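The structure file final.txt is reproduced below (compact mmCIF, C-alpha atoms).
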# COMPACT_ATOMS: atom_id res chain seq x y z
CA MET Z 439 23.99 -19.11 -10.46
CA SER Z 440 25.04 -15.53 -11.17
CA ARG Z 441 26.60 -13.31 -8.55
CA PRO Z 442 26.39 -9.57 -7.90
CA PRO Z 443 28.98 -7.65 -9.95
CA ARG Z 444 32.14 -6.98 -7.98
CA ALA Z 445 32.83 -3.51 -9.29
CA GLY Z 446 30.61 -0.78 -10.56
CA MET Z 447 30.88 1.11 -13.81
CA ALA Z 448 32.65 4.45 -13.45
CA LEU Z 449 30.42 7.13 -14.98
CA PRO Z 450 31.61 10.70 -15.61
CA THR Z 451 30.44 13.03 -12.91
CA GLY Z 452 31.31 16.41 -14.41
CA PRO Z 453 29.81 19.55 -12.85
CA ARG Z 454 27.54 18.92 -9.88
CA LEU Z 455 23.83 18.94 -10.64
CA ASP Z 456 21.97 21.92 -9.27
CA ARG Z 457 19.43 19.94 -7.26
CA ARG Z 458 17.80 23.06 -5.82
CA GLN Z 459 17.22 25.20 -8.89
CA GLY Z 460 18.10 22.83 -11.75
CA GLN Z 461 15.61 21.28 -14.16
CA VAL Z 462 15.43 18.21 -16.33
CA GLU Z 463 16.85 18.98 -19.78
CA LEU Z 464 16.44 17.13 -23.06
CA ALA Z 465 20.14 16.28 -22.88
CA HIS Z 466 19.46 14.21 -19.75
CA GLY Z 467 17.68 11.67 -21.95
CA ALA Z 468 20.05 11.73 -24.91
CA GLY Z 469 22.46 9.05 -23.70
CA GLY Z 470 25.48 11.34 -23.50
CA ARG Z 471 27.48 12.94 -20.72
CA ALA Z 472 24.43 14.69 -19.22
CA THR Z 473 22.60 11.36 -18.94
CA ALA Z 474 25.59 9.75 -17.27
CA GLN Z 475 25.82 12.63 -14.80
CA LEU Z 476 22.12 12.37 -13.95
CA ILE Z 477 22.47 8.64 -13.31
CA ALA Z 478 25.68 8.94 -11.30
CA GLN Z 479 24.63 11.91 -9.16
CA LEU Z 480 20.88 11.41 -8.69
CA PHE Z 481 19.77 7.83 -9.43
CA TRP Z 482 22.70 5.80 -8.11
CA PRO Z 483 22.89 7.32 -4.63
CA ALA Z 484 19.18 6.65 -4.11
CA LEU Z 485 18.78 3.21 -5.73
CA ASP Z 486 22.32 1.86 -5.40
CA ASN Z 487 22.91 -1.90 -5.49
CA PRO Z 488 25.56 -4.07 -7.19
CA TRP Z 489 23.42 -5.02 -10.19
CA LEU Z 490 22.39 -1.46 -10.95
CA ARG Z 491 25.89 -0.13 -10.49
CA ALA Z 492 27.23 -2.60 -13.07
CA GLY Z 493 25.93 -0.14 -15.66
CA ASP Z 494 24.70 -2.76 -18.15
CA ASP Z 495 21.50 -2.59 -20.20
CA ALA Z 496 20.20 -5.66 -18.36
CA ALA Z 497 20.89 -7.41 -15.06
CA ALA Z 498 22.20 -10.96 -14.61
CA LEU Z 499 20.43 -12.15 -11.46
CA PRO Z 500 20.67 -15.07 -9.01
CA LEU Z 501 18.10 -17.80 -9.57
CA PRO Z 502 15.18 -18.23 -7.14
CA PRO Z 503 15.55 -20.70 -4.25
CA PRO Z 504 15.09 -24.45 -4.90
CA GLU Z 505 11.52 -24.42 -3.57
CA ALA Z 506 10.45 -22.10 -6.37
CA ALA Z 507 8.19 -23.80 -8.90
CA GLU Z 508 7.19 -20.80 -11.01
CA LEU Z 509 8.30 -17.29 -11.82
CA VAL Z 510 5.72 -14.53 -11.41
CA MET Z 511 6.01 -11.25 -13.31
CA ALA Z 512 3.99 -8.02 -13.12
CA THR Z 513 4.30 -4.65 -14.80
CA ASP Z 514 2.76 -1.35 -13.81
CA GLY Z 515 2.60 2.27 -14.96
CA HIS Z 516 2.41 5.07 -12.38
CA VAL Z 517 1.07 8.51 -13.32
CA VAL Z 518 -0.46 9.75 -10.05
CA ALA Z 519 -1.10 13.49 -9.77
CA PRO Z 520 0.14 15.26 -7.79
CA ALA Z 521 3.39 13.29 -7.58
CA GLU Z 522 3.54 13.97 -3.81
CA PHE Z 523 0.39 13.49 -1.76
CA PRO Z 524 -0.60 12.97 1.88
CA GLY Z 525 0.82 9.63 2.97
CA GLY Z 526 2.97 8.88 -0.07
CA ASP Z 527 4.45 9.86 -3.40
CA LEU Z 528 5.01 8.55 -6.90
CA GLY Z 529 8.34 6.89 -6.12
CA ARG Z 530 7.12 4.94 -3.12
CA LEU Z 531 3.87 4.05 -4.90
CA ALA Z 532 5.80 2.61 -7.86
CA VAL Z 533 7.66 0.17 -5.60
CA TYR Z 534 4.73 -0.82 -3.42
CA GLY Z 535 2.29 -1.19 -6.30
CA THR Z 536 4.44 -3.61 -8.27
CA VAL Z 537 5.59 -5.58 -5.22
CA ASN Z 538 1.92 -5.95 -4.30
CA ASP Z 539 0.95 -7.16 -7.77
CA VAL Z 540 3.53 -9.95 -7.51
CA ALA Z 541 2.42 -10.79 -3.97
CA MET Z 542 -1.23 -11.06 -5.05
CA MET Z 543 -0.27 -14.17 -6.99
CA GLY Z 544 0.90 -15.79 -3.76
CA ALA Z 545 4.52 -15.12 -4.73
CA GLU Z 546 7.62 -13.73 -3.06
CA PRO Z 547 8.93 -10.63 -4.90
CA LEU Z 548 12.60 -10.68 -5.87
CA TYR Z 549 13.56 -7.83 -8.22
CA LEU Z 550 12.25 -4.64 -9.80
CA SER Z 551 13.08 -2.68 -12.93
CA ALA Z 552 12.08 0.96 -13.41
CA ALA Z 553 11.69 3.24 -16.43
CA PHE Z 554 11.41 7.00 -15.87
CA ILE Z 555 9.65 9.22 -18.41
CA LEU Z 556 10.62 12.82 -17.55
CA GLU Z 557 9.29 16.06 -18.95
CA GLU Z 558 11.75 18.78 -19.87
CA GLY Z 559 11.65 21.47 -17.18
CA THR Z 560 10.77 19.16 -14.29
CA PRO Z 561 12.60 20.43 -11.16
CA LEU Z 562 15.55 18.24 -10.26
CA ALA Z 563 14.63 18.74 -6.60
CA LEU Z 564 11.29 16.98 -7.17
CA LEU Z 565 12.92 14.18 -9.15
CA GLN Z 566 15.50 13.65 -6.44
CA ARG Z 567 12.82 13.43 -3.73
CA LEU Z 568 10.87 10.85 -5.74
CA VAL Z 569 13.94 8.73 -6.53
CA ARG Z 570 15.12 8.86 -2.92
CA SER Z 571 11.67 7.79 -1.77
CA MET Z 572 11.73 4.96 -4.28
CA GLY Z 573 15.11 3.80 -2.98
CA GLU Z 574 13.91 3.92 0.63
CA ALA Z 575 10.84 1.86 -0.28
CA ALA Z 576 12.91 -0.71 -2.18
CA ARG Z 577 15.25 -1.15 0.78
CA GLN Z 578 12.27 -1.37 3.15
CA VAL Z 579 10.71 -4.26 1.27
CA GLY Z 580 14.05 -5.89 0.39
CA VAL Z 581 13.39 -5.85 -3.36
CA PRO Z 582 16.12 -3.99 -5.27
CA VAL Z 583 15.69 -1.99 -8.47
CA VAL Z 584 18.25 -3.89 -10.55
CA CYS Z 585 17.95 -2.14 -13.91
CA GLY Z 586 16.25 0.89 -15.40
CA ASP Z 587 15.98 3.48 -18.11
CA THR Z 588 15.44 7.23 -18.41
CA LYS Z 589 13.80 9.11 -21.24
CA VAL Z 590 13.03 12.84 -21.55
CA VAL Z 591 10.18 14.34 -23.61
CA GLU Z 592 9.82 17.95 -24.67
CA ARG Z 593 8.24 20.54 -22.43
CA GLY Z 594 4.46 20.27 -22.68
CA LYS Z 595 4.57 16.68 -23.99
CA GLY Z 596 4.43 15.06 -20.55
CA ASP Z 597 3.53 15.97 -16.99
CA GLY Z 598 6.59 15.95 -14.80
CA VAL Z 599 7.48 12.35 -13.97
CA PHE Z 600 5.94 9.03 -15.01
CA ILE Z 601 7.40 5.72 -13.72
CA ALA Z 602 6.87 2.27 -15.21
CA THR Z 603 8.00 -0.67 -13.09
CA THR Z 604 8.25 -4.41 -13.63
CA GLY Z 605 8.55 -6.91 -10.82
CA VAL Z 606 9.69 -10.54 -10.79
CA GLY Z 607 9.09 -13.04 -8.01
CA TRP Z 608 8.80 -16.75 -7.35
CA ARG Z 609 5.94 -19.00 -6.31
CA ALA Z 610 6.15 -22.36 -4.52
CA ALA Z 611 4.69 -25.59 -5.82
CA GLY Z 612 1.05 -26.13 -4.87
CA VAL Z 613 0.14 -22.42 -4.74
CA ARG Z 614 -2.67 -21.78 -7.19
CA VAL Z 615 -3.85 -18.29 -6.33
CA GLY Z 616 -5.66 -16.55 -9.17
CA GLY Z 617 -8.80 -14.75 -10.24
CA ALA Z 618 -10.39 -17.92 -11.65
CA GLN Z 619 -10.16 -19.87 -8.38
CA ALA Z 620 -13.15 -18.47 -6.41
CA ARG Z 621 -15.77 -21.06 -5.44
CA SER Z 622 -19.35 -20.75 -4.22
CA GLY Z 623 -19.43 -20.51 -0.43
CA ASP Z 624 -15.97 -18.99 -0.11
CA ALA Z 625 -15.47 -16.21 2.42
CA VAL Z 626 -14.45 -12.73 1.27
CA LEU Z 627 -11.96 -10.97 3.55
CA LEU Z 628 -10.73 -7.36 3.42
CA SER Z 629 -7.51 -6.46 5.24
CA GLY Z 630 -8.53 -2.97 6.40
CA PRO Z 631 -10.63 0.16 5.90
CA LEU Z 632 -11.64 0.89 2.35
CA GLY Z 633 -10.81 3.85 0.13
CA ASP Z 634 -8.15 5.76 2.10
CA HIS Z 635 -5.87 6.30 -0.91
CA GLY Z 636 -8.59 7.52 -3.24
CA ALA Z 637 -10.21 9.75 -0.63
CA ALA Z 638 -6.86 11.27 0.39
CA LEU Z 639 -6.10 12.18 -3.24
CA LEU Z 640 -9.59 13.57 -3.82
CA ALA Z 641 -9.52 15.64 -0.65
CA HIS Z 642 -6.03 16.96 -1.45
CA ARG Z 643 -7.03 17.98 -4.97
CA ALA Z 644 -10.22 19.64 -3.73
CA GLY Z 645 -8.42 21.51 -0.93
CA LEU Z 646 -10.56 19.89 1.76
CA GLU Z 647 -9.24 20.19 5.32
CA LEU Z 648 -10.50 17.22 7.30
CA GLN Z 649 -10.08 16.36 10.94
CA PRO Z 650 -8.47 13.96 11.39
CA PRO Z 651 -6.60 14.45 8.11
CA LEU Z 652 -6.69 11.68 5.52
CA HIS Z 653 -3.55 9.90 4.33
CA SER Z 654 -3.03 7.35 1.59
CA ASP Z 655 -2.93 3.73 2.73
CA SER Z 656 0.00 3.07 0.35
CA ALA Z 657 1.99 0.16 1.80
CA PRO Z 658 3.74 -3.09 0.77
CA LEU Z 659 1.62 -6.19 1.28
CA HIS Z 660 4.05 -9.05 0.66
CA THR Z 661 4.65 -9.82 4.35
CA LEU Z 662 0.91 -9.76 5.00
CA VAL Z 663 0.43 -12.26 2.17
CA ARG Z 664 3.24 -14.38 3.60
CA ALA Z 665 1.51 -14.47 6.99
CA LEU Z 666 -1.75 -15.45 5.31
CA ARG Z 667 -0.10 -18.25 3.32
CA GLN Z 668 1.50 -19.61 6.47
CA ALA Z 669 -1.82 -19.64 8.32
CA VAL Z 670 -3.99 -21.58 5.87
CA PRO Z 671 -3.46 -24.64 3.65
CA PRO Z 672 -2.39 -23.77 0.08
CA ALA Z 673 -5.57 -25.28 -1.36
CA ALA Z 674 -7.75 -23.03 0.84
CA LEU Z 675 -6.33 -19.72 -0.41
CA HIS Z 676 -8.11 -19.13 -3.69
CA VAL Z 677 -7.84 -15.48 -4.71
CA LEU Z 678 -5.80 -12.45 -3.65
CA ARG Z 679 -6.32 -9.01 -5.13
CA ASP Z 680 -5.32 -5.46 -4.18
CA PRO Z 681 -8.33 -3.24 -4.95
CA THR Z 682 -6.56 -0.38 -6.72
CA ARG Z 683 -8.18 1.25 -9.76
CA GLY Z 684 -11.90 0.48 -9.77
CA GLY Z 685 -11.82 -0.15 -6.03
CA LEU Z 686 -13.40 -3.10 -4.28
CA ALA Z 687 -16.24 -3.20 -6.78
CA GLY Z 688 -13.90 -3.48 -9.75
CA ALA Z 689 -11.78 -6.19 -8.11
CA LEU Z 690 -14.84 -8.30 -7.29
CA HIS Z 691 -16.26 -7.93 -10.79
CA GLU Z 692 -12.96 -9.08 -12.29
CA ILE Z 693 -12.96 -12.16 -10.05
CA ALA Z 694 -16.65 -12.85 -10.76
CA GLN Z 695 -16.03 -12.80 -14.51
CA ALA Z 696 -12.94 -15.03 -14.27
CA SER Z 697 -14.48 -17.58 -11.86
CA GLY Z 698 -18.08 -17.58 -13.13
CA VAL Z 699 -19.51 -16.74 -9.69
CA GLY Z 700 -21.29 -13.93 -7.89
CA PHE Z 701 -20.69 -12.08 -4.64
CA GLU Z 702 -22.93 -11.04 -1.77
CA LEU Z 703 -21.47 -8.34 0.47
CA GLN Z 704 -22.67 -7.10 3.84
CA GLU Z 705 -22.61 -3.29 3.94
CA ALA Z 706 -22.43 -3.23 7.74
CA ALA Z 707 -19.28 -5.39 7.67
CA ILE Z 708 -17.27 -3.26 5.22
CA PRO Z 709 -14.89 -0.97 7.17
CA VAL Z 710 -14.87 2.66 5.95
CA ARG Z 711 -13.30 5.46 7.98
CA PRO Z 712 -15.61 8.44 8.75
CA PRO Z 713 -13.39 10.94 6.84
CA VAL Z 714 -13.52 8.70 3.76
CA GLN Z 715 -17.28 8.52 4.03
CA ALA Z 716 -17.41 12.30 4.39
CA VAL Z 717 -15.34 12.85 1.23
CA CYS Z 718 -17.60 10.48 -0.68
CA GLU Z 719 -20.72 12.31 0.46
CA LEU Z 720 -19.24 15.73 -0.36
CA LEU Z 721 -17.91 14.79 -3.80
CA GLY Z 722 -20.48 12.20 -4.84
CA PHE Z 723 -18.44 8.98 -4.78
CA ASP Z 724 -19.16 5.44 -3.62
CA PRO Z 725 -16.50 4.06 -1.23
CA LEU Z 726 -16.75 0.73 -3.06
CA HIS Z 727 -15.23 2.42 -6.13
CA LEU Z 728 -12.36 4.23 -4.37
CA PRO Z 729 -8.88 2.75 -4.91
CA CYS Z 730 -6.69 1.43 -2.14
CA GLU Z 731 -2.91 1.05 -2.32
CA GLY Z 732 -2.32 -0.85 0.90
CA ARG Z 733 -5.26 -3.24 1.28
CA LEU Z 734 -5.82 -6.76 0.06
CA LEU Z 735 -8.90 -8.77 -0.76
CA ALA Z 736 -8.71 -12.50 0.02
CA VAL Z 737 -11.16 -15.17 -1.11
CA VAL Z 738 -10.67 -18.29 1.00
CA ALA Z 739 -12.41 -21.61 1.58
CA PRO Z 740 -15.03 -21.31 4.38
CA SER Z 741 -13.14 -23.87 6.48
CA ALA Z 742 -10.10 -21.57 6.54
CA ALA Z 743 -11.89 -18.24 7.00
CA GLU Z 744 -11.41 -18.00 10.76
CA ALA Z 745 -7.69 -18.81 10.63
CA ALA Z 746 -7.15 -16.45 7.70
CA LEU Z 747 -8.91 -13.59 9.45
CA ALA Z 748 -6.91 -14.16 12.61
CA ALA Z 749 -3.65 -14.11 10.62
CA LEU Z 750 -4.60 -10.85 8.94
CA ARG Z 751 -5.55 -9.18 12.22
CA ALA Z 752 -2.30 -10.30 13.89
CA HIS Z 753 -0.27 -8.40 11.28
CA PRO Z 754 0.27 -4.61 11.63
CA GLN Z 755 -1.16 -4.02 8.14
CA GLY Z 756 -4.23 -6.16 8.74
CA GLU Z 757 -5.43 -4.99 12.15
CA GLY Z 758 -8.71 -3.73 10.66
CA ALA Z 759 -9.43 -6.88 8.69
CA ALA Z 760 -13.03 -8.06 8.35
CA CYS Z 761 -15.09 -10.74 6.67
CA ILE Z 762 -17.28 -8.69 4.33
CA GLY Z 763 -19.26 -11.30 2.41
CA ARG Z 764 -19.29 -14.58 0.51
CA VAL Z 765 -19.08 -16.02 -2.95
CA THR Z 766 -22.41 -17.11 -4.47
CA ASP Z 767 -23.42 -19.50 -7.21
CA ASP Z 768 -24.67 -16.94 -9.72
CA ALA Z 769 -24.69 -17.50 -13.48
CA LEU Z 770 -25.20 -13.75 -13.96
CA ARG Z 771 -21.96 -13.05 -12.04
CA LEU Z 772 -23.47 -10.17 -10.10
CA VAL Z 773 -21.89 -8.33 -7.18
CA GLN Z 774 -24.70 -7.57 -4.72
CA LEU Z 775 -24.77 -5.65 -1.46
CA ARG Z 776 -27.01 -6.30 1.54
CA THR Z 777 -27.64 -2.81 2.91
CA ARG Z 778 -27.81 -1.82 6.55
CA LEU Z 779 -31.58 -1.45 6.17
CA GLY Z 780 -31.95 -5.03 4.98
CA GLY Z 781 -32.39 -4.27 1.29
CA ARG Z 782 -30.28 -5.46 -1.59
CA ARG Z 783 -28.65 -3.56 -4.44
CA VAL Z 784 -26.44 -4.48 -7.34
CA VAL Z 785 -22.93 -3.00 -7.19
CA ASP Z 786 -21.93 -2.03 -10.72
CA TRP Z 787 -18.53 -1.44 -12.27
CA LEU Z 788 -17.10 2.06 -12.01
CA SER Z 789 -18.48 4.04 -14.95
CA GLY Z 790 -16.27 6.36 -17.01
CA GLU Z 791 -13.12 7.88 -15.48
CA PRO Z 792 -14.16 10.03 -12.53
CA LEU Z 793 -10.81 9.43 -10.77
CA PRO Z 794 -8.06 10.22 -13.31
CA ARG Z 795 -4.39 9.95 -12.35
CA ILE Z 796 -5.17 8.24 -9.04
CA CYS Z 797 -2.20 5.83 -9.10
Encoded form using structure tokens:
Amino acid sequence: MSRPPRAGMALPTGPRLDRRQGQVELAHGAGGRATAQLIAQLFWPALDNPWLRAGDDAAALPLPPPEAAELVMATDGHVVAPAEFPGGDLGRLAVYGTVNDVAMMGAEPLYLSAAFILEEGTPLALLQRLVRSMGEAARQVGVPVVCGDTKVVERGKGDGVFIATTGVGWRAAGVRVGGAQARSGDAVLLSGPLGDHGAALLAHRAGLELQPPLHSDSAPLHTLVRALRQAVPPAALHVLRDPTRGGLAGALHEIAQASGVGFELQEAAIPVRPPVQAVCELLGFDPLHLPCEGRLLAVVAPSAAEAALAALRAHPQGEGAACIGRVTDDALRLVQLRTRLGGRRVVDWLSGEPLPRIC
């Protein structure tokens, strides 16, 4: 088993970076002294841990615990615009999003890597805020960024800061969570109100002033998943998904295609905050298509639905959890909605790209 490096690599510091007025320069991505200064003065203080400070091109990491049966790996690109938004920012989103992708496989996240694509001219002050936020998020969830890379593209060839992250975790024997595991009769649970992240970004971009104001629901979900796994037998937890791009509708369609089933939702049971509904009505969106960054969708055996819902509601991030529908035996693999008026409509995939740069 490998151990954390004892001593860190000594990088040249040189002149102090001008974090107030300075900008990203092409030299910061060239691999020379300017790159080393950027890493030593901006990235290390925010993301510091023994593996990162070793200064190698890769990290030698401790093995998972003995109860681990499988490794789980996820990768994610983050291009949200603007990079700072109500309730979150690009750095925090990059950590939470990848940790959540690992957790949605019923796994415990262990490590992250991060690649930064920077545009020449990006203010160093903005970059520092994003990297600091990323470091705070990594420490919050207990999942360190153990290796990374930085590249710089010419002015006009990018848009400030893009972050690509990869996460690695472990999964215990007997856990078989996946999109192909849904079964007819299963209960569909949602951990909280729908669409906060998407609506907050839309309102911010449109300059809408809402009361109460909207904030992104961006949050790590691994402890919520852990509570859910502890509350129900492994065989009863079939599917976990965080409804990000494409929203709830997209997540359910993906599961329907993988499992060969359909879904019937109850409109009255789906929690949507009034400000989110107002944004949708003003801008012409369906809440079922709005992305979330701090909600999970769980498909569980009907015998475990009550215990699973109670476990979600007992957790701070699942207080608004609800049972919103069931899995149906449907060869057409349709997602259908029972409306408040008693009618029925088919919920389609999101069409086109009406929500660019949302995560």
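If you count only C-alpha atoms and ignore residues fewer than 4 places along the chain from Asp587 in chain Z, what sits within 12 Å of it is His466, Gly467, Ala468, Gly469, Thr473, Ala474, Leu476, Ile477, Phe481, Leu490, Gly493, Asp494, Asp495, Ala496, Ser551, Ala552, Ala553, Phe554, Ile555, Leu556, Val583, Phe600, Ile601, Ala602, Thr603 and Thr604 of chain Z.
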Given the selection you just returned, output its residues as a file containing C-alpha atoms, formatted as a PDB file, in the coordinates of the input.
ATOM      1  CA  HIS Z 466      19.460  14.210 -19.750  1.00  0.00           C
ATOM      2  CA  GLY Z 467      17.680  11.670 -21.950  1.00  0.00           C
ATOM      3  CA  ALA Z 468      20.050  11.730 -24.910  1.00  0.00           C
ATOM      4  CA  GLY Z 469      22.460   9.050 -23.700  1.00  0.00           C
ATOM      5  CA  THR Z 473      22.600  11.360 -18.940  1.00  0.00           C
ATOM      6  CA  ALA Z 474      25.590   9.750 -17.270  1.00  0.00           C
ATOM      7  CA  LEU Z 476      22.120  12.370 -13.950  1.00  0.00           C
ATOM      8  CA  ILE Z 477      22.470   8.640 -13.310  1.00  0.00           C
ATOM      9  CA  PHE Z 481      19.770   7.830  -9.430  1.00  0.00           C
ATOM     10  CA  LEU Z 490      22.390  -1.460 -10.950  1.00  0.00           C
ATOM     11  CA  GLY Z 493      25.930  -0.140 -15.660  1.00  0.00           C
ATOM     12  CA  ASP Z 494      24.700  -2.760 -18.150  1.00  0.00           C
ATOM     13  CA  ASP Z 495      21.500  -2.590 -20.200  1.00  0.00           C
ATOM     14  CA  ALA Z 496      20.200  -5.660 -18.360  1.00  0.00           C
ATOM     15  CA  SER Z 551      13.080  -2.680 -12.930  1.00  0.00           C
ATOM     16  CA  ALA Z 552      12.080   0.960 -13.410  1.00  0.00           C
ATOM     17  CA  ALA Z 553      11.690   3.240 -16.430  1.00  0.00           C
ATOM     18  CA  PHE Z 554      11.410   7.000 -15.870  1.00  0.00           C
ATOM     19  CA  ILE Z 555       9.650   9.220 -18.410  1.00  0.00           C
ATOM     20  CA  LEU Z 556      10.620  12.820 -17.550  1.00  0.00           C
ATOM     21  CA  VAL Z 583      15.690  -1.990  -8.470  1.00  0.00           C
ATOM     22  CA  PHE Z 600       5.940   9.030 -15.010  1.00  0.00           C
ATOM     23  CA  ILE Z 601       7.400   5.720 -13.720  1.00  0.00           C
ATOM     24  CA  ALA Z 602       6.870   2.270 -15.210  1.00  0.00           C
ATOM     25  CA  THR Z 603       8.000  -0.670 -13.090  1.00  0.00           C
ATOM     26  CA  THR Z 604       8.250  -4.410 -13.630  1.00  0.00           C
TER      27      THR Z 604
END
Set the distance at 8 Å and use only C-alpha atoms: which residues neighbour range 653-660 of chain Z once local chain neighbours fewer than 6 positions away are removed? I'd like the list as an MDAnalysis selection string.
chainID Z and resid 523:526 531 534:535 537:538 541 546:547 579 634:639 730:734 755
From the set Z:Thr536, Z:Thr560, Z:Gln475, Z:Asn487, which residue has the shortest atom-to-atom contact distance to Val462 in chain Z, counting all atoms listed in the file?
Z:Thr560
Can you pull out every residue within 7 Å of Glu702 in chain Z, counting all atoms listed in the file, but drop anything in the same chain fewer than 4 positions away, and send it as a ChimeraX atom specification?
/Z:763-766,773-775
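In this comparison, which uses all atoms listed in the file, the residue of Z:Gly460, Z:Asp767, Z:Leu480, Z:Val599 approaching Leu528 in chain Z most closely is Z:Val599.
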Restricting to only C-alpha atoms, whichever of Z:Leu565, Z:Cys718, Z:Val663, Z:Ile708 is closest to Cys761 in chain Z is Z:Ile708
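The gap separating CA of Val785 in chain Z from CA of Ala620 in chain Z is 18.3 Å, in Å to one decimal.
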